[in-house]
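Student: For reference, this is structure06.pdb, and it has PDB, C-alpha atoms.
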```pdb
ATOM      1  CA  MET N1173     147.466  72.157  71.006
ATOM      2  CA  ALA N1174     147.088  73.008  74.739
ATOM      3  CA  LYS N1175     149.362  76.026  74.325
ATOM      4  CA  GLN N1176     147.333  77.244  71.363
ATOM      5  CA  SER N1177     144.073  76.861  73.322
ATOM      6  CA  ASN N1178     145.510  78.851  76.205
ATOM      7  CA  GLN N1179     146.505  81.624  73.804
ATOM      8  CA  LYS N1180     142.918  81.859  72.637
ATOM      9  CA  LEU N1181     141.860  82.344  76.260
ATOM     10  CA  LYS N1182     144.550  84.925  77.010
ATOM     11  CA  ILE N1183     142.425  88.016  76.488
ATOM     12  CA  LEU N1184     139.694  86.581  78.716
ATOM     13  CA  TYR N1185     142.182  85.920  81.512
ATOM     14  CA  LEU N1186     143.513  89.445  81.040
ATOM     15  CA  MET N1187     140.037  90.956  81.290
ATOM     16  CA  ARG N1188     139.194  88.960  84.413
ATOM     17  CA  TYR N1189     142.458  89.886  86.102
ATOM     18  CA  LEU N1190     141.959  93.608  85.491
ATOM     19  CA  SER N1191     138.360  93.386  86.701
ATOM     20  CA  GLN N1192     139.045  91.401  89.863
ATOM     21  CA  HIS N1193     142.430  92.701  90.980
ATOM     22  CA  THR N1194     142.764  96.329  89.877
ATOM     23  CA  ASP N1195     141.184  99.694  90.551
ATOM     24  CA  GLU N1196     142.401 103.288  90.656
ATOM     25  CA  ALA N1197     144.192 102.746  93.968
ATOM     26  CA  HIS N1198     145.646  99.392  92.898
ATOM     27  CA  PRO N1199     147.053  99.446  89.337
ATOM     28  CA  ALA N1200     148.958  96.406  88.052
ATOM     29  CA  SER N1201     152.194  96.608  86.088
ATOM     30  CA  ARG N1202     152.691  94.715  82.842
ATOM     31  CA  LYS N1203     155.095  92.434  84.666
ATOM     32  CA  GLN N1204     152.497  91.580  87.344
ATOM     33  CA  ILE N1205     149.883  90.838  84.705
ATOM     34  CA  GLU N1206     152.262  88.686  82.651
ATOM     35  CA  GLU N1207     153.243  86.721  85.777
ATOM     36  CA  HIS N1208     149.555  86.042  86.423
ATOM     37  CA  LEU N1209     149.071  84.862  82.837
ATOM     38  CA  ALA N1210     152.155  82.647  83.090
ATOM     39  CA  LYS N1211     150.720  80.951  86.213
ATOM     40  CA  ASN N1212     147.772  79.953  84.047
ATOM     41  CA  GLY N1213     150.042  78.564  81.341
ATOM     42  CA  ILE N1214     149.706  81.564  79.043
ATOM     43  CA  PRO N1215     152.946  83.176  77.853
ATOM     44  CA  SER N1216     152.678  86.821  76.848
ATOM     45  CA  GLU N1217     154.838  88.931  74.541
ATOM     46  CA  ARG N1218     155.246  92.687  74.821
ATOM     47  CA  LYS N1219     153.690  93.380  71.421
ATOM     48  CA  SER N1220     150.697  91.093  71.943
ATOM     49  CA  PHE N1221     150.154  92.475  75.454
ATOM     50  CA  TYR N1222     149.603  96.010  74.163
ATOM     51  CA  SER N1223     147.390  94.812  71.330
ATOM     52  CA  ASP N1224     145.262  92.859  73.818
ATOM     53  CA  ILE N1225     144.865  95.934  76.035
ATOM     54  CA  GLU N1226     143.802  97.962  73.012
ATOM     55  CA  ALA N1227     141.328  95.244  71.969
ATOM     56  CA  LEU N1228     139.693  95.377  75.404
ATOM     57  CA  ARG N1229     139.430  99.164  75.160
ATOM     58  CA  LEU N1230     137.792  98.870  71.737
ATOM     59  CA  PHE N1231     135.426  96.325  73.262
ATOM     60  CA  GLY N1232     134.306  99.044  75.679
ATOM     61  CA  LEU N1233     136.320  98.453  78.855
ATOM     62  CA  ASP N1234     137.673 101.586  80.527
ATOM     63  CA  ILE N1235     141.278 100.498  81.053
ATOM     64  CA  VAL N1236     143.648 103.250  82.159
ATOM     65  CA  TYR N1237     147.432 103.382  82.379
ATOM     66  CA  ASP N1238     148.592 105.888  85.029
ATOM     67  CA  GLY N1239     152.355 105.562  84.558
ATOM     68  CA  LYS N1240     152.624 102.879  87.228
ATOM     69  CA  GLY N1241     150.275 100.260  85.882
ATOM     70  CA  TYR N1242     146.949  99.382  84.336
ATOM     71  CA  TYR N1243     143.592  99.348  86.081
ATOM     72  CA  MET N1244     139.866  99.105  85.384
ATOM     73  CA  ALA N1245     138.662 102.673  85.857
ATOM     74  CA  THR N1246     134.900 102.147  85.640
ATOM     75  CA  ARG N1247     132.593  99.171  86.008
ATOM     76  CA  GLU N1248     128.940  98.377  85.478
ATOM     77  CA  PHE N1249     128.312  99.345  89.117
ATOM     78  CA  GLU N1250     130.148 102.020  91.077
ATOM     79  CA  LEU N1251     131.114 101.238  94.682
ATOM     80  CA  PRO N1252     128.398 103.493  96.237
ATOM     81  CA  GLU N1253     125.796 101.714  94.078
ATOM     82  CA  LEU N1254     127.017  98.314  95.244
ATOM     83  CA  LYS N1255     126.898  99.462  98.867
ATOM     84  CA  LEU N1256     123.297 100.539  98.341
ATOM     85  CA  LEU N1257     122.402  97.159  96.826
ATOM     86  CA  VAL N1258     124.132  95.257  99.645
ATOM     87  CA  ASP N1259     122.301  97.286 102.283
ATOM     88  CA  SER N1260     119.001  96.705 100.488
ATOM     89  CA  VAL N1261     119.545  92.950 100.339
ATOM     90  CA  GLN N1262     120.362  92.924 104.046
ATOM     91  CA  ALA N1263     117.281  94.984 104.879
ATOM     92  CA  PHE N1264     114.772  92.776 103.043
ATOM     93  CA  LYS N1265     113.257  90.422 105.579
ATOM     94  CA  PHE N1266     111.833  88.118 102.915
ATOM     95  CA  ILE N1267     115.365  87.206 101.722
ATOM     96  CA  THR N1268     116.724  84.413 103.901
ATOM     97  CA  GLU N1269     120.082  84.723 105.646
ATOM     98  CA  LYS N1270     121.539  82.030 103.388
ATOM     99  CA  LYS N1271     120.343  83.777 100.233
ATOM    100  CA  THR N1272     121.419  87.170 101.591
ATOM    101  CA  ASN N1273     125.005  86.009 101.997
ATOM    102  CA  SER N1274     124.942  84.378  98.547
ATOM    103  CA  LEU N1275     123.694  87.574  96.880
ATOM    104  CA  ILE N1276     126.259  89.719  98.673
ATOM    105  CA  GLN N1277     129.055  87.441  97.483
ATOM    106  CA  LYS N1278     127.815  87.849  93.917
ATOM    107  CA  LEU N1279     127.661  91.622  94.316
ATOM    108  CA  GLU N1280     131.238  91.609  95.614
ATOM    109  CA  LYS N1281     132.344  90.153  92.285
ATOM    110  CA  GLN N1282     131.150  93.329  90.570
ATOM    111  CA  ALA N1283     133.959  95.231  92.305
ATOM    112  CA  SER N1284     137.702  94.692  92.539
ATOM    113  CA  GLU N1285     138.909  92.462  95.362
ATOM    114  CA  HIS N1286     140.150  95.589  97.132
ATOM    115  CA  GLU N1287     136.828  97.441  96.954
ATOM    116  CA  ALA N1288     134.912  94.255  97.792
ATOM    117  CA  ARG N1289     136.203  94.492 101.362
ATOM    118  CA  PHE N1290     133.961  97.529 101.833
ATOM    119  CA  LEU N1291     130.960  95.383 100.915
ATOM    120  CA  GLN N1292     131.671  92.587 103.379
ATOM    121  CA  ARG N1293     129.121  93.627 105.972
ATOM    122  CA  GLN N1294     127.330  90.321 106.461
ATOM    123  CA  VAL N1295     127.698  90.752 110.231
ATOM    124  CA  TYR N1296     124.506  92.851 110.104
ATOM    125  CA  VAL N1297     122.580  89.867 108.758
ATOM    126  CA  ARG N1298     123.346  87.593 111.691
ATOM    127  CA  GLY N1299     120.756  87.819 114.433
ATOM    128  CA  ARG N1300     118.336  89.775 112.269
ATOM    129  CA  VAL N1301     114.821  88.401 111.703
ATOM    130  CA  LYS N1302     114.907  86.772 108.277
ATOM    131  CA  ASN N1303     112.343  84.713 106.416
ATOM    132  CA  MET N1304     113.017  80.959 106.556
ATOM    133  CA  ASN N1305     111.142  80.224 103.320
ATOM    134  CA  GLU N1306     113.644  79.708 100.499
ATOM    135  CA  SER N1307     110.820  79.097  98.005
ATOM    136  CA  VAL N1308     109.835  82.779  97.952
ATOM    137  CA  TYR N1309     112.190  83.359  95.004
ATOM    138  CA  LEU N1310     110.534  80.572  93.016
ATOM    139  CA  ASN N1311     107.127  81.970  93.972
ATOM    140  CA  VAL N1312     108.004  85.418  92.646
ATOM    141  CA  ASP N1313     109.215  83.878  89.394
ATOM    142  CA  ALA N1314     106.084  81.735  89.011
ATOM    143  CA  ILE N1315     103.779  84.701  89.608
ATOM    144  CA  SER N1316     105.720  86.960  87.228
ATOM    145  CA  SER N1317     105.630  84.287  84.528
ATOM    146  CA  ALA N1318     101.868  83.850  84.910
ATOM    147  CA  ILE N1319     101.337  87.612  84.625
ATOM    148  CA  ALA N1320     103.453  87.691  81.448
ATOM    149  CA  GLN N1321     101.398  84.791  80.052
ATOM    150  CA  ASP N1322      98.104  86.467  81.037
ATOM    151  CA  SER N1323      97.234  83.316  82.972
ATOM    152  CA  ALA N1324      95.348  82.684  86.190
ATOM    153  CA  ILE N1325      97.147  80.706  88.887
ATOM    154  CA  ARG N1326      96.267  78.193  91.594
ATOM    155  CA  PHE N1327      98.054  77.754  94.914
ATOM    156  CA  ARG N1328      97.669  76.729  98.513
ATOM    157  CA  TYR N1329      97.800  79.417 101.200
ATOM    158  CA  TYR N1330      98.783  79.093 104.843
ATOM    159  CA  GLN N1331      99.322  80.942 108.091
ATOM    160  CA  TYR N1332     101.346  79.935 111.127
ATOM    161  CA  GLY N1333      99.628  78.146 113.985
ATOM    162  CA  PRO N1334     100.443  78.401 117.709
ATOM    163  CA  ASP N1335     102.999  75.618 117.271
ATOM    164  CA  LYS N1336     104.800  77.768 114.625
ATOM    165  CA  ARG N1337     103.905  75.256 111.925
ATOM    166  CA  PRO N1338     102.136  76.113 108.664
ATOM    167  CA  CYS N1339      98.374  75.762 108.900
ATOM    168  CA  PHE N1340      96.713  75.704 105.476
ATOM    169  CA  ARG N1341      93.626  77.803 104.963
ATOM    170  CA  ARG N1342      90.484  76.293 103.426
ATOM    171  CA  ASP N1343      91.689  72.948 104.807
ATOM    172  CA  GLY N1344      94.420  72.849 102.176
ATOM    173  CA  ALA N1345      92.115  73.461  99.201
ATOM    174  CA  PHE N1346      93.611  75.396  96.285
ATOM    175  CA  TYR N1347      92.917  79.066  95.651
ATOM    176  CA  GLN N1348      92.471  80.208  92.045
ATOM    177  CA  VAL N1349      92.955  83.891  91.215
ATOM    178  CA  SER N1350      94.147  86.207  88.447
ATOM    179  CA  PRO N1351      97.498  87.807  89.437
ATOM    180  CA  PHE N1352      98.267  91.371  88.330
ATOM    181  CA  THR N1353     101.236  92.720  90.240
ATOM    182  CA  LEU N1354     103.696  92.236  93.101
ATOM    183  CA  LEU N1355     103.943  94.876  95.816
ATOM    184  CA  TRP N1356     106.426  95.482  98.613
ATOM    185  CA  ASP N1357     104.962  96.666 101.930
ATOM    186  CA  ASN N1358     106.158  96.504 105.520
ATOM    187  CA  GLU N1359     109.140  94.290 104.604
ATOM    188  CA  ASN N1360     107.000  91.693 102.831
ATOM    189  CA  TYR N1361     106.135  90.777  99.232
ATOM    190  CA  TYR N1362     102.446  90.690  98.343
ATOM    191  CA  MET N1363     100.648  89.568  95.221
ATOM    192  CA  VAL N1364      97.645  91.629  94.136
ATOM    193  CA  ALA N1365      95.136  89.423  92.335
ATOM    194  CA  TRP N1366      91.492  89.353  91.253
ATOM    195  CA  ASP N1367      89.315  86.867  93.125
ATOM    196  CA  ALA N1368      86.433  86.109  90.760
ATOM    197  CA  GLY N1369      84.421  84.399  93.492
ATOM    198  CA  ALA N1370      84.561  87.418  95.785
ATOM    199  CA  GLY N1371      84.398  89.869  92.876
ATOM    200  CA  LYS N1372      87.263  92.038  94.116
ATOM    201  CA  LEU N1373      91.025  92.471  94.307
ATOM    202  CA  LYS N1374      92.781  90.721  97.167
ATOM    203  CA  HIS N1375      96.320  90.511  98.565
ATOM    204  CA  TYR N1376      98.354  87.425  99.357
ATOM    205  CA  ARG N1377     101.708  87.155 101.140
ATOM    206  CA  VAL N1378     104.064  85.583  98.607
ATOM    207  CA  ASP N1379     106.103  83.729 101.237
ATOM    208  CA  LYS N1380     102.916  82.006 102.487
ATOM    209  CA  MET N1381     101.957  80.623  99.075
ATOM    210  CA  GLU N1382     102.760  77.058  98.060
ATOM    211  CA  LYS N1383     102.506  74.911  94.919
ATOM    212  CA  ILE N1384     101.903  77.868  92.602
ATOM    213  CA  ALA N1385     101.003  76.843  89.060
ATOM    214  CA  ALA N1386      99.595  78.635  86.028
ATOM    215  CA  THR N1387      96.200  77.248  85.015
ATOM    216  CA  GLY N1388      96.334  78.454  81.408
ATOM    217  CA  GLU N1389      92.962  80.151  81.873
ATOM    218  CA  LYS N1390      92.861  83.804  80.799
ATOM    219  CA  ARG N1391      93.006  86.310  83.633
ATOM    220  CA  GLN N1392      89.836  88.074  84.797
ATOM    221  CA  GLY N1393      89.360  91.413  86.562
ATOM    222  CA  LYS N1394      91.540  93.560  84.290
ATOM    223  CA  GLU N1395      89.075  96.467  84.280
ATOM    224  CA  ALA N1396      88.930  96.549  88.082
ATOM    225  CA  TYR N1397      92.716  96.416  88.352
ATOM    226  CA  GLU N1398      93.247  99.182  85.795
ATOM    227  CA  LYS N1399      91.019 101.497  87.835
ATOM    228  CA  VAL N1400      93.383 101.212  90.800
ATOM    229  CA  ASP N1401      95.745 104.145  91.299
ATOM    230  CA  GLN N1402      98.995 102.294  91.924
ATOM    231  CA  GLY N1403     100.681 105.466  93.203
ATOM    232  CA  SER N1404      98.292 105.791  96.166
ATOM    233  CA  TYR N1405      97.423 102.116  96.653
ATOM    234  CA  LEU N1406      99.911 101.372  99.406
ATOM    235  CA  LYS N1407      99.334 104.699 101.135
ATOM    236  CA  LYS N1408      95.694 103.806 101.735
ATOM    237  CA  THR N1409      96.250 100.174 102.681
ATOM    238  CA  PHE N1410      97.670  99.324 106.107
ATOM    239  CA  GLY N1411      99.092  95.834 106.537
ATOM    240  CA  MET N1412      97.602  94.938 103.128
ATOM    241  CA  PHE N1413      94.099  94.602 104.628
ATOM    242  CA  THR N1414      91.260  94.961 102.137
ATOM    243  CA  GLY N1415      88.063  96.860 102.896
ATOM    244  CA  GLU N1416      86.103 100.014 102.254
ATOM    245  CA  GLU N1417      88.106 103.154 101.540
ATOM    246  CA  LYS N1418      87.278 106.143 103.755
ATOM    247  CA  VAL N1419      88.472 109.721 104.106
ATOM    248  CA  VAL N1420      89.669 110.351 107.651
ATOM    249  CA  ARG N1421      90.599 113.625 109.334
ATOM    250  CA  ILE N1422      93.315 113.231 111.954
ATOM    251  CA  ARG N1423      94.864 115.801 114.284
ATOM    252  CA  PHE N1424      98.617 115.426 114.863
ATOM    253  CA  GLU N1425     101.238 117.193 116.926
ATOM    254  CA  ASN N1426     103.589 119.169 114.672
ATOM    255  CA  GLN N1427     106.492 116.820 115.393
ATOM    256  CA  LEU N1428     104.665 114.070 113.449
ATOM    257  CA  MET N1429     104.601 115.831 110.073
ATOM    258  CA  GLY N1430     107.512 113.696 108.912
ATOM    259  CA  ALA N1431     105.690 110.479 109.853
ATOM    260  CA  VAL N1432     102.565 111.612 107.972
ATOM    261  CA  ILE N1433     104.586 112.489 104.857
ATOM    262  CA  ASP N1434     106.424 109.146 105.039
ATOM    263  CA  ARG N1435     103.100 107.324 105.070
ATOM    264  CA  PHE N1436     100.944 109.392 102.698
ATOM    265  CA  GLY N1437     103.407 111.388 100.580
ATOM    266  CA  TRP N1438     104.146 115.069 100.130
ATOM    267  CA  GLU N1439     100.782 115.739  98.492
ATOM    268  CA  VAL N1440      98.801 114.834 101.648
ATOM    269  CA  PRO N1441      96.384 117.738 102.461
ATOM    270  CA  THR N1442      97.277 119.354 105.798
ATOM    271  CA  LEU N1443      96.200 122.498 107.647
ATOM    272  CA  PRO N1444      97.609 124.211 110.756
ATOM    273  CA  ASP N1445      95.484 123.635 113.876
ATOM    274  CA  GLY N1446      96.757 126.000 116.528
ATOM    275  CA  PRO N1447     100.426 126.583 117.351
ATOM    276  CA  ASP N1448     101.265 122.949 118.171
ATOM    277  CA  HIS N1449      99.089 120.827 115.870
ATOM    278  CA  PHE N1450      97.989 120.269 112.294
ATOM    279  CA  THR N1451      95.174 118.260 110.738
ATOM    280  CA  ALA N1452      95.477 115.910 107.775
ATOM    281  CA  ARG N1453      92.799 114.479 105.479
ATOM    282  CA  VAL N1454      93.819 111.019 104.338
ATOM    283  CA  ALA N1455      92.145 108.251 102.329
ATOM    284  CA  VAL N1456      92.615 104.884 104.046
ATOM    285  CA  VAL N1457      91.196 101.391 104.073
ATOM    286  CA  GLU N1458      89.768 100.895 107.553
ATOM    287  CA  SER N1459      91.522  97.980 109.247
ATOM    288  CA  PRO N1460      92.995  96.916 112.605
ATOM    289  CA  GLN N1461      96.401  97.887 111.233
ATOM    290  CA  PHE N1462      95.245 101.457 110.585
ATOM    291  CA  TYR N1463      94.039 101.863 114.169
ATOM    292  CA  ALA N1464      97.298 100.341 115.414
ATOM    293  CA  TRP N1465      99.209 102.936 113.366
ATOM    294  CA  VAL N1466      97.276 105.783 115.004
ATOM    295  CA  PHE N1467      97.690 104.138 118.431
ATOM    296  CA  SER N1468     101.463 104.092 117.955
ATOM    297  CA  PHE N1469     101.542 107.892 118.350
ATOM    298  CA  GLY N1470      99.741 107.859 121.707
ATOM    299  CA  THR N1471      98.182 111.204 122.598
ATOM    300  CA  ALA N1472     100.034 112.935 119.751
ATOM    301  CA  ALA N1473      97.399 111.779 117.215
ATOM    302  CA  GLU N1474      93.595 111.915 117.345
ATOM    303  CA  ILE N1475      90.949 110.795 114.846
ATOM    304  CA  LEU N1476      88.492 113.673 114.421
ATOM    305  CA  SER N1477      86.158 112.264 111.782
ATOM    306  CA  PRO N1478      84.211 110.389 110.570
ATOM    307  CA  GLU N1479      82.455 109.926 113.888
ATOM    308  CA  PRO N1480      81.965 106.126 113.549
ATOM    309  CA  MET N1481      85.723 105.641 113.165
ATOM    310  CA  ARG N1482      86.374 107.959 116.084
ATOM    311  CA  GLN N1483      84.024 105.835 118.200
ATOM    312  CA  ARG N1484      85.660 102.590 117.045
ATOM    313  CA  MET N1485      89.021 104.025 118.056
ATOM    314  CA  LYS N1486      87.566 104.825 121.478
ATOM    315  CA  GLU N1487      86.163 101.299 121.800
ATOM    316  CA  ARG N1488      89.523  99.751 120.868
ATOM    317  CA  ALA N1489      91.283 101.918 123.443
ATOM    318  CA  ALA N1490      88.775 100.763 126.071
ATOM    319  CA  GLU N1491      89.283  97.104 125.094
ATOM    320  CA  ILE N1492      93.037  97.457 125.429
ATOM    321  CA  LEU N1493      92.692  99.247 128.775
ATOM    322  CA  GLY N1494      90.429  96.407 129.933
ATOM    323  CA  ARG N1495      93.316  94.007 129.470
ATOM    324  CA  TYR N1496      95.195  95.848 132.214
ATOM    325  CA  PRO N1497      92.758  96.152 135.191
TER     326      PRO N1497
END
```
Please re-express this file's structure in structure tokens.

Tutor:
Amino acid sequence: MAKQSNQKLKILYLMRYLSQHTDEAHPASRKQIEEHLAKNGIPSERKSFYSDIEALRLFGLDIVYDGKGYYMATREFELPELKLLVDSVQAFKFITEKKTNSLIQKLEKQASEHEARFLQRQVYVRGRVKNMNESVYLNVDAISSAIAQDSAIRFRYYQYGPDKRPCFRRDGAFYQVSPFTLLWDNENYYMVAWDAGAGKLKHYRVDKMEKIAATGEKRQGKEAYEKVDQGSYLKKTFGMFTGEEKVVRIRFENQLMGAVIDRFGWEVPTLPDGPDHFTARVAVVESPQFYAWVFSFGTAAEILSPEPMRQRMKERAAEILGRYP
């Protein structure tokens, strides 16, 4: 009976072996494959071996024989695609180091053991700032489920205090909002939701949310959300601060055109302003983060209008200078 059961599993063992141990540079001979099957208590005959290979091909696997041996020629993910995914997982700050390593190990299984060595770059994860909140994955799932169910959610929201411990806002009272989407900005996940009490859309850091639960109440604020241009939403919002949207004219040195395009996109309106500068008209939500962004360019960027924002920039510069008498 055991022998018969093993025979039923033979084609699965064969498929796994070809997937894990072979690629174009590392074909496996029939003898090597049969030895592997024998180690797992599965005898193989010449005739059945070829019929099993053909069955896997008919199933859709790209198995090639190159005269030396058999190998899996193509997979669901090509090696460059897996490298891109590995690098992305490593780059995301919201994914913890533990989860990063776990995901990379799973991605390695999508390649042969030989190609997987090119994906083993976990050394870049060590020492990098990574989120310590493992619950972020559960939070994303809970929010996505509520959106699919058209349900409002409740949760507690916190920030970190001077002792690096969570400090709940509203003295730990629950927030209740209508979630609409998840956005990625500045290496963090944010939930965009309608706050009925405030009568506007707000943003919440997903990794700072706790005890998320769907209320079963139908979401509100759909009309307001549908009016939002998702394509330009993040371009206007710095650090996910909410506020009044304003059109700002900024003068930049020519060397900063790339930085302006990175932030606002190729369609950003720009005009030459002398041989060394250009001006850009951008729609932004005024916030401390916006002024910090302009500050980061030093004298290479200057707010020209509107005048109130120009003055606020001047006041902020004076406040900062006052810190260094």

Student: Expanded to explicit residues, what is the PyMOL selection byres ((chain N and resi 1450) around 9) for this file, as an MDAnalysis selection string?

Tutor: chainID N and resid 1422:1426 1429 1442:1449 1451:1452

Student: Can you list, as a list in words, the residues that the PyMOL selection byres ((chain N and resi 1476-1488) around 10) selects here?

Tutor: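 For this structure, the PyMOL selection byres ((chain N and resi 1476-1488) around 10) resolves to Lys1418, Val1419, Val1420, Arg1421, Ile1422, Arg1423, Thr1451, Ala1452, Arg1453, Glu1458, Pro1460, Tyr1463, Ala1464, Val1466, Phe1467, Ala1473, Glu1474, Ile1475, Ala1489, Ala1490, Glu1491, Ile1492, Leu1493 and Gly1494 of chain N.
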
Student: Got a sec: who's within 9 Å of Arg1247 (chain N), counting only C-alpha atoms, leaving out chain neighbours fewer than 4 positions off, as a ChimeraX atom specification?

Tutor: /N:1191,1233-1234,1282-1283

Student: Just the number, please: distance in Å from CA of Ser1284 (chain N) to CA of Ser1201 (chain N), one decimal.

Tutor: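 Separation between CA of Ser1284 (chain N) and CA of Ser1201 (chain N): 16.0 Å.
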
Student: Kindly give the distance, in Å, that separates CA of Leu1184 (chain N) and CA of Leu1228 (chain N), rounded to a single decimal.

Tutor: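 Atom-to-atom, CA of Leu1184 (chain N) to CA of Leu1228 (chain N), that is 9.4 Å.
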